[in-house]
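Q: To be precise about what I am sending: the file is called start-v1.tsv and holds TSV, N, CA and C atoms.
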```tsv
chain	number	residue	atom	x	y	z
A	1	MET	N	116.71	45.84	101.73
A	1	MET	CA	116.04	47.01	102.28
A	1	MET	C	115.30	47.72	101.16
A	2	ILE	N	114.12	48.19	101.46
A	2	ILE	CA	113.36	49.00	100.53
A	2	ILE	C	113.96	50.40	100.55
A	3	LEU	N	114.44	50.86	99.40
A	3	LEU	CA	115.11	52.15	99.35
A	3	LEU	C	114.14	53.32	99.47
A	4	LEU	N	112.93	53.17	98.96
A	4	LEU	CA	111.93	54.25	99.07
A	4	LEU	C	110.62	53.71	99.60
A	5	THR	N	110.21	54.24	100.73
A	5	THR	CA	108.88	53.92	101.25
A	5	THR	C	107.86	54.73	100.44
A	6	PRO	N	106.59	54.35	100.50
A	6	PRO	CA	105.57	55.13	99.79
A	6	PRO	C	105.56	56.61	100.22
A	7	ASP	N	105.75	56.88	101.51
A	7	ASP	CA	105.75	58.27	101.99
A	7	ASP	C	106.92	59.06	101.41
A	8	LEU	N	108.12	58.45	101.42
A	8	LEU	CA	109.29	59.13	100.85
A	8	LEU	C	109.11	59.36	99.36
A	9	ARG	N	108.59	58.36	98.68
A	9	ARG	CA	108.34	58.48	97.24
A	9	ARG	C	107.41	59.66	96.96
A	10	GLU	N	106.34	59.78	97.72
A	10	GLU	CA	105.38	60.86	97.50
A	10	GLU	C	106.01	62.23	97.79
A	11	MET	N	106.82	62.34	98.83
A	11	MET	CA	107.50	63.61	99.12
A	11	MET	C	108.44	63.99	97.99
A	12	LEU	N	109.20	63.02	97.49
A	12	LEU	CA	110.12	63.28	96.39
A	12	LEU	C	109.37	63.66	95.11
A	13	LEU	N	108.28	62.98	94.82
A	13	LEU	CA	107.47	63.32	93.64
A	13	LEU	C	106.88	64.72	93.77
A	14	ALA	N	106.40	65.07	94.95
A	14	ALA	CA	105.84	66.41	95.17
A	14	ALA	C	106.92	67.47	94.94
A	15	ASN	N	108.12	67.23	95.44
A	15	ASN	CA	109.23	68.16	95.21
A	15	ASN	C	109.54	68.27	93.72
A	16	GLY	N	109.48	67.14	93.01
A	16	GLY	CA	109.77	67.13	91.58
A	16	GLY	C	108.78	67.93	90.75
A	17	ARG	N	107.57	68.08	91.27
A	17	ARG	CA	106.55	68.86	90.56
A	17	ARG	C	106.75	70.36	90.72
A	18	GLN	N	107.51	70.75	91.74
A	18	GLN	CA	107.78	72.17	92.00
A	18	GLN	C	109.09	72.55	91.32
A	19	ARG	N	109.05	73.53	90.49
A	19	ARG	CA	110.24	73.97	89.76
A	19	ARG	C	110.90	75.15	90.47
A	20	ASP	N	112.19	75.27	90.30
A	20	ASP	CA	112.97	76.40	90.81
A	20	ASP	C	112.88	76.55	92.33
A	21	VAL	N	112.86	75.44	93.05
A	21	VAL	CA	112.85	75.44	94.50
A	21	VAL	C	114.10	74.70	94.98
A	22	ASP	N	114.77	75.28	95.96
A	22	ASP	CA	115.97	74.68	96.54
A	22	ASP	C	115.53	73.78	97.71
A	23	HIS	N	115.11	72.56	97.38
A	23	HIS	CA	114.58	71.64	98.37
A	23	HIS	C	115.65	71.10	99.30
A	24	ALA	N	115.24	70.75	100.50
A	24	ALA	CA	116.10	70.00	101.41
A	24	ALA	C	116.06	68.54	101.00
A	25	PRO	N	117.13	67.80	101.25
A	25	PRO	CA	117.10	66.37	100.93
A	25	PRO	C	116.02	65.65	101.72
A	26	VAL	N	115.36	64.72	101.05
A	26	VAL	CA	114.30	63.92	101.66
A	26	VAL	C	114.87	62.60	102.17
A	27	VAL	N	115.86	62.07	101.46
A	27	VAL	CA	116.38	60.75	101.79
A	27	VAL	C	117.89	60.70	101.51
A	28	LYS	N	118.56	59.88	102.30
A	28	LYS	CA	120.00	59.64	102.12
A	28	LYS	C	120.21	58.16	101.87
A	29	PHE	N	120.94	57.85	100.80
A	29	PHE	CA	121.37	56.49	100.49
A	29	PHE	C	122.87	56.42	100.69
A	30	PHE	N	123.37	55.23	101.05
A	30	PHE	CA	124.82	55.10	101.24
A	30	PHE	C	125.27	53.68	100.98
A	31	ASN	N	126.54	53.58	100.66
A	31	ASN	CA	127.22	52.30	100.49
A	31	ASN	C	127.79	51.93	101.86
A	32	PRO	N	127.34	50.86	102.49
A	32	PRO	CA	127.84	50.51	103.82
A	32	PRO	C	129.28	50.01	103.83
A	33	PHE	N	129.86	49.79	102.65
A	33	PHE	CA	131.22	49.26	102.57
A	33	PHE	C	132.25	50.26	102.07
A	34	GLY	N	131.84	51.47	101.79
A	34	GLY	CA	132.84	52.42	101.30
A	34	GLY	C	132.22	53.61	100.61
A	35	ILE	N	132.87	54.03	99.56
A	35	ILE	CA	132.51	55.25	98.86
A	35	ILE	C	131.12	55.14	98.23
A	36	GLY	N	130.41	56.23	98.29
A	36	GLY	CA	129.08	56.29	97.68
A	36	GLY	C	128.04	56.77	98.67
A	37	THR	N	127.62	58.03	98.51
A	37	THR	CA	126.56	58.61	99.32
A	37	THR	C	125.72	59.49	98.40
A	38	TRP	N	124.41	59.41	98.55
A	38	TRP	CA	123.48	60.16	97.72
A	38	TRP	C	122.43	60.81	98.61
A	39	LEU	N	122.15	62.09	98.37
A	39	LEU	CA	121.06	62.81	99.02
A	39	LEU	C	120.06	63.16	97.93
A	40	ALA	N	118.85	62.69	98.04
A	40	ALA	CA	117.84	62.93	97.01
A	40	ALA	C	116.82	63.96	97.48
A	41	THR	N	116.51	64.88	96.58
A	41	THR	CA	115.51	65.92	96.87
A	41	THR	C	114.25	65.77	96.04
A	42	GLU	N	114.37	65.16	94.84
A	42	GLU	CA	113.25	65.11	93.91
A	42	GLU	C	113.23	63.78	93.18
A	43	PHE	N	112.05	63.42	92.69
A	43	PHE	CA	111.85	62.19	91.93
A	43	PHE	C	111.05	62.53	90.69
A	44	ASP	N	111.52	62.11	89.52
A	44	ASP	CA	110.77	62.33	88.28
A	44	ASP	C	109.55	61.42	88.24
A	45	GLU	N	108.56	61.86	87.51
A	45	GLU	CA	107.33	61.09	87.34
A	45	GLU	C	107.58	59.75	86.67
A	46	ASP	N	108.73	59.59	85.99
A	46	ASP	CA	109.05	58.32	85.32
A	46	ASP	C	109.27	57.17	86.29
A	47	GLY	N	109.44	57.50	87.57
A	47	GLY	CA	109.59	56.47	88.58
A	47	GLY	C	110.99	55.90	88.71
A	48	ASP	N	111.99	56.56	88.11
A	48	ASP	CA	113.36	56.05	88.22
A	48	ASP	C	114.39	57.12	88.53
A	49	ILE	N	114.27	58.30	87.97
A	49	ILE	CA	115.33	59.30	88.08
A	49	ILE	C	115.11	60.21	89.29
A	50	LEU	N	116.14	60.23	90.14
A	50	LEU	CA	116.17	61.10	91.31
A	50	LEU	C	117.10	62.26	91.03
A	51	PHE	N	116.87	63.39	91.70
A	51	PHE	CA	117.79	64.51	91.63
A	51	PHE	C	118.30	64.79	93.02
A	52	GLY	N	119.56	65.16	93.11
A	52	GLY	CA	120.14	65.52	94.40
A	52	GLY	C	121.64	65.63	94.32
A	53	LEU	N	122.27	65.34	95.43
A	53	LEU	CA	123.72	65.43	95.56
A	53	LEU	C	124.28	64.02	95.63
A	54	ALA	N	125.18	63.71	94.72
A	54	ALA	CA	125.80	62.38	94.69
A	54	ALA	C	127.28	62.54	94.98
A	55	ASP	N	127.83	61.63	95.76
A	55	ASP	CA	129.25	61.67	96.11
A	55	ASP	C	129.87	60.30	95.88
A	56	LEU	N	130.57	60.20	94.77
A	56	LEU	CA	131.31	58.98	94.44
A	56	LEU	C	132.80	59.29	94.41
A	57	GLY	N	133.23	60.16	95.29
A	57	GLY	CA	134.61	60.60	95.35
A	57	GLY	C	134.72	62.11	95.26
A	58	TYR	N	133.69	62.73	94.69
A	58	TYR	CA	133.57	64.18	94.63
A	58	TYR	C	132.09	64.52	94.59
A	59	PRO	N	131.61	65.37	95.50
A	59	PRO	CA	130.18	65.69	95.56
A	59	PRO	C	129.73	66.54	94.37
A	60	GLU	N	128.68	66.08	93.69
A	60	GLU	CA	128.14	66.79	92.53
A	60	GLU	C	126.61	66.76	92.56
A	61	LEU	N	126.01	67.88	92.20
A	61	LEU	CA	124.56	67.93	92.01
A	61	LEU	C	124.23	67.32	90.67
A	62	GLY	N	123.17	66.52	90.63
A	62	GLY	CA	122.77	65.92	89.37
A	62	GLY	C	121.70	64.86	89.57
A	63	SER	N	121.49	64.10	88.51
A	63	SER	CA	120.47	63.06	88.52
A	63	SER	C	121.11	61.68	88.63
A	64	PHE	N	120.37	60.75	89.23
A	64	PHE	CA	120.84	59.37	89.35
A	64	PHE	C	119.64	58.45	89.36
A	65	SER	N	119.89	57.21	89.03
A	65	SER	CA	118.83	56.23	88.83
A	65	SER	C	118.57	55.40	90.09
A	66	LEU	N	117.32	55.36	90.51
A	66	LEU	CA	116.93	54.52	91.63
A	66	LEU	C	117.13	53.05	91.27
A	67	GLU	N	116.82	52.69	90.03
A	67	GLU	CA	116.99	51.31	89.59
A	67	GLU	C	118.46	50.88	89.68
A	68	GLU	N	119.37	51.77	89.27
A	68	GLU	CA	120.79	51.44	89.36
A	68	GLU	C	121.24	51.29	90.81
A	69	LEU	N	120.78	52.20	91.68
A	69	LEU	CA	121.13	52.09	93.10
A	69	LEU	C	120.61	50.77	93.67
A	70	SER	N	119.38	50.42	93.32
A	70	SER	CA	118.76	49.20	93.83
A	70	SER	C	119.45	47.94	93.33
A	71	SER	N	120.04	48.01	92.15
A	71	SER	CA	120.63	46.81	91.55
A	71	SER	C	122.09	46.59	91.94
A	72	LEU	N	122.71	47.55	92.59
A	72	LEU	CA	124.11	47.37	92.99
A	72	LEU	C	124.23	46.26	94.03
A	73	ARG	N	125.14	45.32	93.80
A	73	ARG	CA	125.38	44.23	94.73
A	73	ARG	C	126.77	44.40	95.34
A	74	LEU	N	126.80	44.41	96.64
A	74	LEU	CA	128.02	44.62	97.40
A	74	LEU	C	128.44	43.33	98.08
A	75	PRO	N	129.59	43.31	98.72
A	75	PRO	CA	130.01	42.10	99.43
A	75	PRO	C	128.96	41.60	100.42
A	76	PHE	N	128.98	40.32	100.65
A	76	PHE	CA	128.11	39.64	101.60
A	76	PHE	C	126.63	39.73	101.21
A	77	GLY	N	126.36	39.96	99.94
A	77	GLY	CA	125.00	40.01	99.45
A	77	GLY	C	124.24	41.28	99.80
A	78	LEU	N	124.94	42.27	100.30
A	78	LEU	CA	124.28	43.53	100.66
A	78	LEU	C	124.18	44.46	99.46
A	79	GLY	N	123.44	45.53	99.64
A	79	GLY	CA	123.29	46.54	98.60
A	79	GLY	C	123.34	47.93	99.20
A	80	ILE	N	123.04	48.91	98.39
A	80	ILE	CA	122.95	50.28	98.87
A	80	ILE	C	121.83	50.34	99.90
A	81	GLU	N	122.04	51.14	100.93
A	81	GLU	CA	121.06	51.24	102.01
A	81	GLU	C	120.53	52.65	102.15
A	82	ARG	N	119.38	52.76	102.81
A	82	ARG	CA	118.79	54.06	103.14
A	82	ARG	C	119.08	54.34	104.61
A	83	ASP	N	119.51	55.55	104.90
A	83	ASP	CA	119.74	55.98	106.27
A	83	ASP	C	118.38	56.31	106.88
A	84	ILE	N	117.85	55.41	107.70
A	84	ILE	CA	116.49	55.59	108.23
A	84	ILE	C	116.41	56.71	109.26
A	85	LEU	N	117.56	57.18	109.77
A	85	LEU	CA	117.56	58.26	110.75
A	85	LEU	C	117.83	59.63	110.14
A	86	PHE	N	118.10	59.67	108.85
A	86	PHE	CA	118.45	60.94	108.20
A	86	PHE	C	117.24	61.86	108.13
A	87	ALA	N	117.49	63.12	108.48
A	87	ALA	CA	116.49	64.18	108.35
A	87	ALA	C	117.25	65.50	108.21
A	88	SER	N	116.76	66.36	107.36
A	88	SER	CA	117.42	67.65	107.17
A	88	SER	C	116.42	68.67	106.66
A	89	ASP	N	116.61	69.90	107.10
A	89	ASP	CA	115.84	70.99	106.52
A	89	ASP	C	116.77	72.01	105.86
A	90	ILE	N	118.01	71.59	105.65
A	90	ILE	CA	118.99	72.44	104.97
A	90	ILE	C	118.84	72.25	103.46
A	91	PRO	N	118.72	73.32	102.69
A	91	PRO	CA	118.57	73.19	101.24
A	91	PRO	C	119.76	72.45	100.60
A	92	ILE	N	119.48	71.77	99.50
A	92	ILE	CA	120.50	70.97	98.84
A	92	ILE	C	121.68	71.82	98.36
A	93	SER	N	121.44	73.07	98.01
A	93	SER	CA	122.55	73.93	97.58
A	93	SER	C	123.55	74.14	98.71
A	94	LEU	N	123.06	74.25	99.94
A	94	LEU	CA	123.96	74.40	101.08
A	94	LEU	C	124.66	73.09	101.43
A	95	TRP	N	123.95	71.97	101.25
A	95	TRP	CA	124.60	70.67	101.40
A	95	TRP	C	125.75	70.54	100.41
A	96	ALA	N	125.50	70.95	99.16
A	96	ALA	CA	126.52	70.86	98.12
A	96	ALA	C	127.72	71.72	98.47
A	97	GLU	N	127.46	72.93	98.94
A	97	GLU	CA	128.55	73.82	99.34
A	97	GLU	C	129.36	73.22	100.49
A	98	ALA	N	128.66	72.72	101.50
A	98	ALA	CA	129.35	72.12	102.65
A	98	ALA	C	130.15	70.89	102.24
A	99	ALA	N	129.57	70.06	101.36
A	99	ALA	CA	130.26	68.85	100.92
A	99	ALA	C	131.50	69.18	100.11
A	100	ARG	N	131.41	70.21	99.27
A	100	ARG	CA	132.59	70.60	98.49
A	100	ARG	C	133.68	71.17	99.40
A	101	GLU	N	133.28	71.96	100.40
A	101	GLU	CA	134.25	72.54	101.33
A	101	GLU	C	134.94	71.48	102.17
A	102	THR	N	134.20	70.47	102.58
A	102	THR	CA	134.77	69.44	103.46
A	102	THR	C	135.31	68.24	102.70
A	103	GLY	N	134.94	68.10	101.43
A	103	GLY	CA	135.44	67.02	100.60
A	103	GLY	C	134.49	65.87	100.37
A	104	SER	N	133.39	65.79	101.13
A	104	SER	CA	132.44	64.70	100.95
A	104	SER	C	131.13	65.00	101.67
A	105	ILE	N	130.09	64.28	101.29
A	105	ILE	CA	128.81	64.41	101.98
A	105	ILE	C	128.96	63.95	103.43
A	106	ARG	N	129.66	62.85	103.64
A	106	ARG	CA	129.82	62.32	105.01
A	106	ARG	C	130.54	63.31	105.91
A	107	ALA	N	131.60	63.96	105.39
A	107	ALA	CA	132.32	64.96	106.18
A	107	ALA	C	131.43	66.17	106.44
A	108	ALA	N	130.66	66.57	105.44
A	108	ALA	CA	129.74	67.70	105.61
A	108	ALA	C	128.70	67.39	106.68
A	109	GLU	N	128.22	66.16	106.68
A	109	GLU	CA	127.22	65.77	107.67
A	109	GLU	C	127.79	65.84	109.08
A	110	ARG	N	129.03	65.41	109.25
A	110	ARG	CA	129.66	65.50	110.58
A	110	ARG	C	129.80	66.95	111.03
A	111	VAL	N	130.20	67.82	110.11
A	111	VAL	CA	130.36	69.23	110.45
A	111	VAL	C	129.01	69.84	110.77
A	112	ILE	N	128.02	69.58	109.95
A	112	ILE	CA	126.68	70.13	110.18
A	112	ILE	C	126.13	69.64	111.51
A	113	ASP	N	126.31	68.36	111.81
A	113	ASP	CA	125.83	67.82	113.09
A	113	ASP	C	126.58	68.44	114.26
A	114	THR	N	127.89	68.66	114.10
A	114	THR	CA	128.71	69.18	115.19
A	114	THR	C	128.52	70.67	115.40
A	115	VAL	N	128.62	71.42	114.33
A	115	VAL	CA	128.55	72.87	114.41
A	115	VAL	C	127.11	73.35	114.49
A	116	GLY	N	126.25	72.66	113.81
A	116	GLY	CA	124.85	73.05	113.80
A	116	GLY	C	124.46	73.66	112.48
A	117	GLN	N	123.18	73.64	112.21
A	117	GLN	CA	122.67	74.14	110.94
A	117	GLN	C	122.90	75.63	110.76
A	118	TRP	N	122.94	76.37	111.84
A	118	TRP	CA	123.01	77.82	111.74
A	118	TRP	C	124.22	78.30	110.96
A	119	ARG	N	125.34	77.59	111.03
A	119	ARG	CA	126.54	78.01	110.30
A	119	ARG	C	126.30	77.98	108.79
A	120	TRP	N	125.63	76.93	108.32
A	120	TRP	CA	125.40	76.78	106.88
A	120	TRP	C	124.26	77.67	106.40
A	121	LEU	N	123.45	78.15	107.34
A	121	LEU	CA	122.35	79.03	106.97
A	121	LEU	C	122.76	80.49	107.04
A	122	GLY	N	124.04	80.76	107.31
A	122	GLY	CA	124.55	82.12	107.28
A	122	GLY	C	124.35	82.90	108.56
A	123	ASN	N	124.08	82.26	109.66
A	123	ASN	CA	123.90	82.95	110.93
A	123	ASN	C	125.20	83.07	111.68
```
Could you render the structure from this file as structure tokens?
A:
Amino acid sequence: MILLTPDLREMLLANGRQRDVDHAPVVKFFNPFGIGTWLATEFDEDGDILFGLADLGYPELGSFSLEELSSLRLPFGLGIERDILFASDIPISLWAEAARETGSIRAAERVIDTVGQWRWLGN
């Protein structure tokens, strides 16, 4: 699977050019066999480093490598995948807060989907 389409790449690069903005995640990557979920908001001009929320057992904001994600080989010849249905307009800081409260990005996503965005937006 192609992890970044040209459109997603351009959105991430555009976000990366804007400083001091709490962007919503543009793309979600996940390990289909277990632990590992990443929400990316920005892409560096170098073409490899993404910024966002990574969850490898504990959700943390930071940078991660697209090349490393692409090179991971999982059972049955699979790799990290992109969630083609993922969409969010919730800022990454609120995703991080929800993920820390619930214990993971996946748990936060279930709560956000169930309860609705308004809870995380302070309504």
Q: Return the single residue from A:Leu4, A:Val21, A:Met11, A:Ala99 that is closest to A:Asp55, with distances computed using only C-alpha atoms.
A: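 The answer is A:Ala99, which sits nearest to A:Asp55.
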Q: Which distance in Å separates atom C of A:Thr102 and atom CA of A:Glu81, to one decimal?
A: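 According to the coordinates, atom C of A:Thr102 and atom CA of A:Glu81 are separated by 22.2 Å.
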Q: Would you mind telling me which residue in A:Ile35, A:Ile49, A:Ala14, A:Leu78 lies nearest to A:Phe64 when using all atoms listed in the file?
A: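 Using all atoms listed in the file, A:Phe64 sits closest to A:Ile49.
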Q: Tell me, in Å to one decimal, how far atom C of A:Glu67 is from atom CA of A:Asp48.
A: 7.4 Å
Q: Can you tell me, as an MDAnalysis selection string, which residues sit within 8 Å of (118.8, 72.8, 100.6) in the file's frame, using all atoms listed in the file?
A: chainID A and resid 21:25 88:96
Q: Could you save those same residues with N, CA and C atoms as an mmCIF file, in the frame of the given file?
A:
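Written file, result.cif:
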```cif
data_model
loop_
_atom_site.group_PDB
_atom_site.id
_atom_site.type_symbol
_atom_site.label_atom_id
_atom_site.label_comp_id
_atom_site.auth_asym_id
_atom_site.auth_seq_id
_atom_site.Cartn_x
_atom_site.Cartn_y
_atom_site.Cartn_z
ATOM 1 N N VAL A 21 112.860 75.440 93.050
ATOM 2 C CA VAL A 21 112.850 75.440 94.500
ATOM 3 C C VAL A 21 114.100 74.700 94.980
ATOM 4 N N ASP A 22 114.770 75.280 95.960
ATOM 5 C CA ASP A 22 115.970 74.680 96.540
ATOM 6 C C ASP A 22 115.530 73.780 97.710
ATOM 7 N N HIS A 23 115.110 72.560 97.380
ATOM 8 C CA HIS A 23 114.580 71.640 98.370
ATOM 9 C C HIS A 23 115.650 71.100 99.300
ATOM 10 N N ALA A 24 115.240 70.750 100.500
ATOM 11 C CA ALA A 24 116.100 70.000 101.410
ATOM 12 C C ALA A 24 116.060 68.540 101.000
ATOM 13 N N PRO A 25 117.130 67.800 101.250
ATOM 14 C CA PRO A 25 117.100 66.370 100.930
ATOM 15 C C PRO A 25 116.020 65.650 101.720
ATOM 16 N N SER A 88 116.760 66.360 107.360
ATOM 17 C CA SER A 88 117.420 67.650 107.170
ATOM 18 C C SER A 88 116.420 68.670 106.660
ATOM 19 N N ASP A 89 116.610 69.900 107.100
ATOM 20 C CA ASP A 89 115.840 70.990 106.520
ATOM 21 C C ASP A 89 116.770 72.010 105.860
ATOM 22 N N ILE A 90 118.010 71.590 105.650
ATOM 23 C CA ILE A 90 118.990 72.440 104.970
ATOM 24 C C ILE A 90 118.840 72.250 103.460
ATOM 25 N N PRO A 91 118.720 73.320 102.690
ATOM 26 C CA PRO A 91 118.570 73.190 101.240
ATOM 27 C C PRO A 91 119.760 72.450 100.600
ATOM 28 N N ILE A 92 119.480 71.770 99.500
ATOM 29 C CA ILE A 92 120.500 70.970 98.840
ATOM 30 C C ILE A 92 121.680 71.820 98.360
ATOM 31 N N SER A 93 121.440 73.070 98.010
ATOM 32 C CA SER A 93 122.550 73.930 97.580
ATOM 33 C C SER A 93 123.550 74.140 98.710
ATOM 34 N N LEU A 94 123.060 74.250 99.940
ATOM 35 C CA LEU A 94 123.960 74.400 101.080
ATOM 36 C C LEU A 94 124.660 73.090 101.430
ATOM 37 N N TRP A 95 123.950 71.970 101.250
ATOM 38 C CA TRP A 95 124.600 70.670 101.400
ATOM 39 C C TRP A 95 125.750 70.540 100.410
ATOM 40 N N ALA A 96 125.500 70.950 99.160
ATOM 41 C CA ALA A 96 126.520 70.860 98.120
ATOM 42 C C ALA A 96 127.720 71.720 98.470
#
```
Q: Could you give me, as an NGL selection string, the residues within 8 Å of stretch 8-10 of chain A, counting only N, CA and C atoms and dropping anything in the same chain fewer than 6 positions from it?
A: :A and (16 or 26-27 or 43)
Q: Among stretch 9-103 of chain A, which residues does DSSP mark as helix (DSSP H, G or I) when it is run on the backbone? Keep the chain and numbering as in the structure and answer as a PDB file with N, CA and C atoms, keeping the file's coordinate frame.
A:
```pdb
ATOM      1  N   ARG A   9     108.590  58.360  98.680  1.00  0.00           N
ATOM      2  CA  ARG A   9     108.340  58.480  97.240  1.00  0.00           C
ATOM      3  C   ARG A   9     107.410  59.660  96.960  1.00  0.00           C
ATOM      4  N   GLU A  10     106.340  59.780  97.720  1.00  0.00           N
ATOM      5  CA  GLU A  10     105.380  60.860  97.500  1.00  0.00           C
ATOM      6  C   GLU A  10     106.010  62.230  97.790  1.00  0.00           C
ATOM      7  N   MET A  11     106.820  62.340  98.830  1.00  0.00           N
ATOM      8  CA  MET A  11     107.500  63.610  99.120  1.00  0.00           C
ATOM      9  C   MET A  11     108.440  63.990  97.990  1.00  0.00           C
ATOM     10  N   LEU A  12     109.200  63.020  97.490  1.00  0.00           N
ATOM     11  CA  LEU A  12     110.120  63.280  96.390  1.00  0.00           C
ATOM     12  C   LEU A  12     109.370  63.660  95.110  1.00  0.00           C
ATOM     13  N   LEU A  13     108.280  62.980  94.820  1.00  0.00           N
ATOM     14  CA  LEU A  13     107.470  63.320  93.640  1.00  0.00           C
ATOM     15  C   LEU A  13     106.880  64.720  93.770  1.00  0.00           C
ATOM     16  N   ALA A  14     106.400  65.070  94.950  1.00  0.00           N
ATOM     17  CA  ALA A  14     105.840  66.410  95.170  1.00  0.00           C
ATOM     18  C   ALA A  14     106.920  67.470  94.940  1.00  0.00           C
ATOM     19  N   ASN A  15     108.120  67.230  95.440  1.00  0.00           N
ATOM     20  CA  ASN A  15     109.230  68.160  95.210  1.00  0.00           C
ATOM     21  C   ASN A  15     109.540  68.270  93.720  1.00  0.00           C
ATOM     22  N   GLY A  16     109.480  67.140  93.010  1.00  0.00           N
ATOM     23  CA  GLY A  16     109.770  67.130  91.580  1.00  0.00           C
ATOM     24  C   GLY A  16     108.780  67.930  90.750  1.00  0.00           C
ATOM     25  N   ARG A  17     107.570  68.080  91.270  1.00  0.00           N
ATOM     26  CA  ARG A  17     106.550  68.860  90.560  1.00  0.00           C
ATOM     27  C   ARG A  17     106.750  70.360  90.720  1.00  0.00           C
ATOM     28  N   LEU A  66     117.320  55.360  90.510  1.00  0.00           N
ATOM     29  CA  LEU A  66     116.930  54.520  91.630  1.00  0.00           C
ATOM     30  C   LEU A  66     117.130  53.050  91.270  1.00  0.00           C
ATOM     31  N   GLU A  67     116.820  52.690  90.030  1.00  0.00           N
ATOM     32  CA  GLU A  67     116.990  51.310  89.590  1.00  0.00           C
ATOM     33  C   GLU A  67     118.460  50.880  89.680  1.00  0.00           C
ATOM     34  N   GLU A  68     119.370  51.770  89.270  1.00  0.00           N
ATOM     35  CA  GLU A  68     120.790  51.440  89.360  1.00  0.00           C
ATOM     36  C   GLU A  68     121.240  51.290  90.810  1.00  0.00           C
ATOM     37  N   LEU A  69     120.780  52.200  91.680  1.00  0.00           N
ATOM     38  CA  LEU A  69     121.130  52.090  93.100  1.00  0.00           C
ATOM     39  C   LEU A  69     120.610  50.770  93.670  1.00  0.00           C
ATOM     40  N   SER A  70     119.380  50.420  93.320  1.00  0.00           N
ATOM     41  CA  SER A  70     118.760  49.200  93.830  1.00  0.00           C
ATOM     42  C   SER A  70     119.450  47.940  93.330  1.00  0.00           C
ATOM     43  N   SER A  71     120.040  48.010  92.150  1.00  0.00           N
ATOM     44  CA  SER A  71     120.630  46.810  91.550  1.00  0.00           C
ATOM     45  C   SER A  71     122.090  46.590  91.940  1.00  0.00           C
ATOM     46  N   PRO A  75     129.590  43.310  98.720  1.00  0.00           N
ATOM     47  CA  PRO A  75     130.010  42.100  99.430  1.00  0.00           C
ATOM     48  C   PRO A  75     128.960  41.600 100.420  1.00  0.00           C
ATOM     49  N   PHE A  76     128.980  40.320 100.650  1.00  0.00           N
ATOM     50  CA  PHE A  76     128.110  39.640 101.600  1.00  0.00           C
ATOM     51  C   PHE A  76     126.630  39.730 101.210  1.00  0.00           C
ATOM     52  N   GLY A  77     126.360  39.960  99.940  1.00  0.00           N
ATOM     53  CA  GLY A  77     125.000  40.010  99.450  1.00  0.00           C
ATOM     54  C   GLY A  77     124.240  41.280  99.800  1.00  0.00           C
ATOM     55  N   ILE A  92     119.480  71.770  99.500  1.00  0.00           N
ATOM     56  CA  ILE A  92     120.500  70.970  98.840  1.00  0.00           C
ATOM     57  C   ILE A  92     121.680  71.820  98.360  1.00  0.00           C
ATOM     58  N   SER A  93     121.440  73.070  98.010  1.00  0.00           N
ATOM     59  CA  SER A  93     122.550  73.930  97.580  1.00  0.00           C
ATOM     60  C   SER A  93     123.550  74.140  98.710  1.00  0.00           C
ATOM     61  N   LEU A  94     123.060  74.250  99.940  1.00  0.00           N
ATOM     62  CA  LEU A  94     123.960  74.400 101.080  1.00  0.00           C
ATOM     63  C   LEU A  94     124.660  73.090 101.430  1.00  0.00           C
ATOM     64  N   TRP A  95     123.950  71.970 101.250  1.00  0.00           N
ATOM     65  CA  TRP A  95     124.600  70.670 101.400  1.00  0.00           C
ATOM     66  C   TRP A  95     125.750  70.540 100.410  1.00  0.00           C
ATOM     67  N   ALA A  96     125.500  70.950  99.160  1.00  0.00           N
ATOM     68  CA  ALA A  96     126.520  70.860  98.120  1.00  0.00           C
ATOM     69  C   ALA A  96     127.720  71.720  98.470  1.00  0.00           C
ATOM     70  N   GLU A  97     127.460  72.930  98.940  1.00  0.00           N
ATOM     71  CA  GLU A  97     128.550  73.820  99.340  1.00  0.00           C
ATOM     72  C   GLU A  97     129.360  73.220 100.490  1.00  0.00           C
ATOM     73  N   ALA A  98     128.660  72.720 101.500  1.00  0.00           N
ATOM     74  CA  ALA A  98     129.350  72.120 102.650  1.00  0.00           C
ATOM     75  C   ALA A  98     130.150  70.890 102.240  1.00  0.00           C
ATOM     76  N   ALA A  99     129.570  70.060 101.360  1.00  0.00           N
ATOM     77  CA  ALA A  99     130.260  68.850 100.920  1.00  0.00           C
ATOM     78  C   ALA A  99     131.500  69.180 100.110  1.00  0.00           C
ATOM     79  N   ARG A 100     131.410  70.210  99.270  1.00  0.00           N
ATOM     80  CA  ARG A 100     132.590  70.600  98.490  1.00  0.00           C
ATOM     81  C   ARG A 100     133.680  71.170  99.400  1.00  0.00           C
ATOM     82  N   GLU A 101     133.280  71.960 100.400  1.00  0.00           N
ATOM     83  CA  GLU A 101     134.250  72.540 101.330  1.00  0.00           C
ATOM     84  C   GLU A 101     134.940  71.480 102.170  1.00  0.00           C
ATOM     85  N   THR A 102     134.200  70.470 102.580  1.00  0.00           N
ATOM     86  CA  THR A 102     134.770  69.440 103.460  1.00  0.00           C
ATOM     87  C   THR A 102     135.310  68.240 102.700  1.00  0.00           C
TER      88      THR A 102
END
```
Q: Work out how far atom CA of A:Leu66 is from atom CA of A:Leu12, in Å to one decimal.
A: 12.1 Å
Q: Given all atoms listed in the file as the basis, pick out the residue of A:Gly57, A:Gln18, A:Asp46, A:Asp83 nearest to A:Ser104.
A: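 Among the listed residues, A:Gly57 lies closest to A:Ser104.
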Q: Counting all atoms listed in the file, give me one row per residue of stretch 51-72 of chain A with an atom at most 8 Å from an atom of stretch 105-108 of chain A, showing the shortest contact pair and its distance in Å to one decimal, sorted by chain then residue number, as a Markdown table.
A:
```
| residue | atom | partner | partner_atom | distance |
| --- | --- | --- | --- | --- |
| A:Leu53 | C | A:Ile105 | CA | 7.8 |
| A:Ala54 | C | A:Ile105 | N | 7.1 |
| A:Asp55 | CA | A:Ile105 | N | 5.9 |
| A:Leu56 | N | A:Ile105 | N | 7.7 |
| A:Gly57 | C | A:Ile105 | N | 7.9 |
| A:Tyr58 | C | A:Ile105 | N | 7.0 |
| A:Pro59 | CA | A:Ile105 | N | 5.9 |
| A:Glu60 | N | A:Ile105 | N | 7.9 |
```
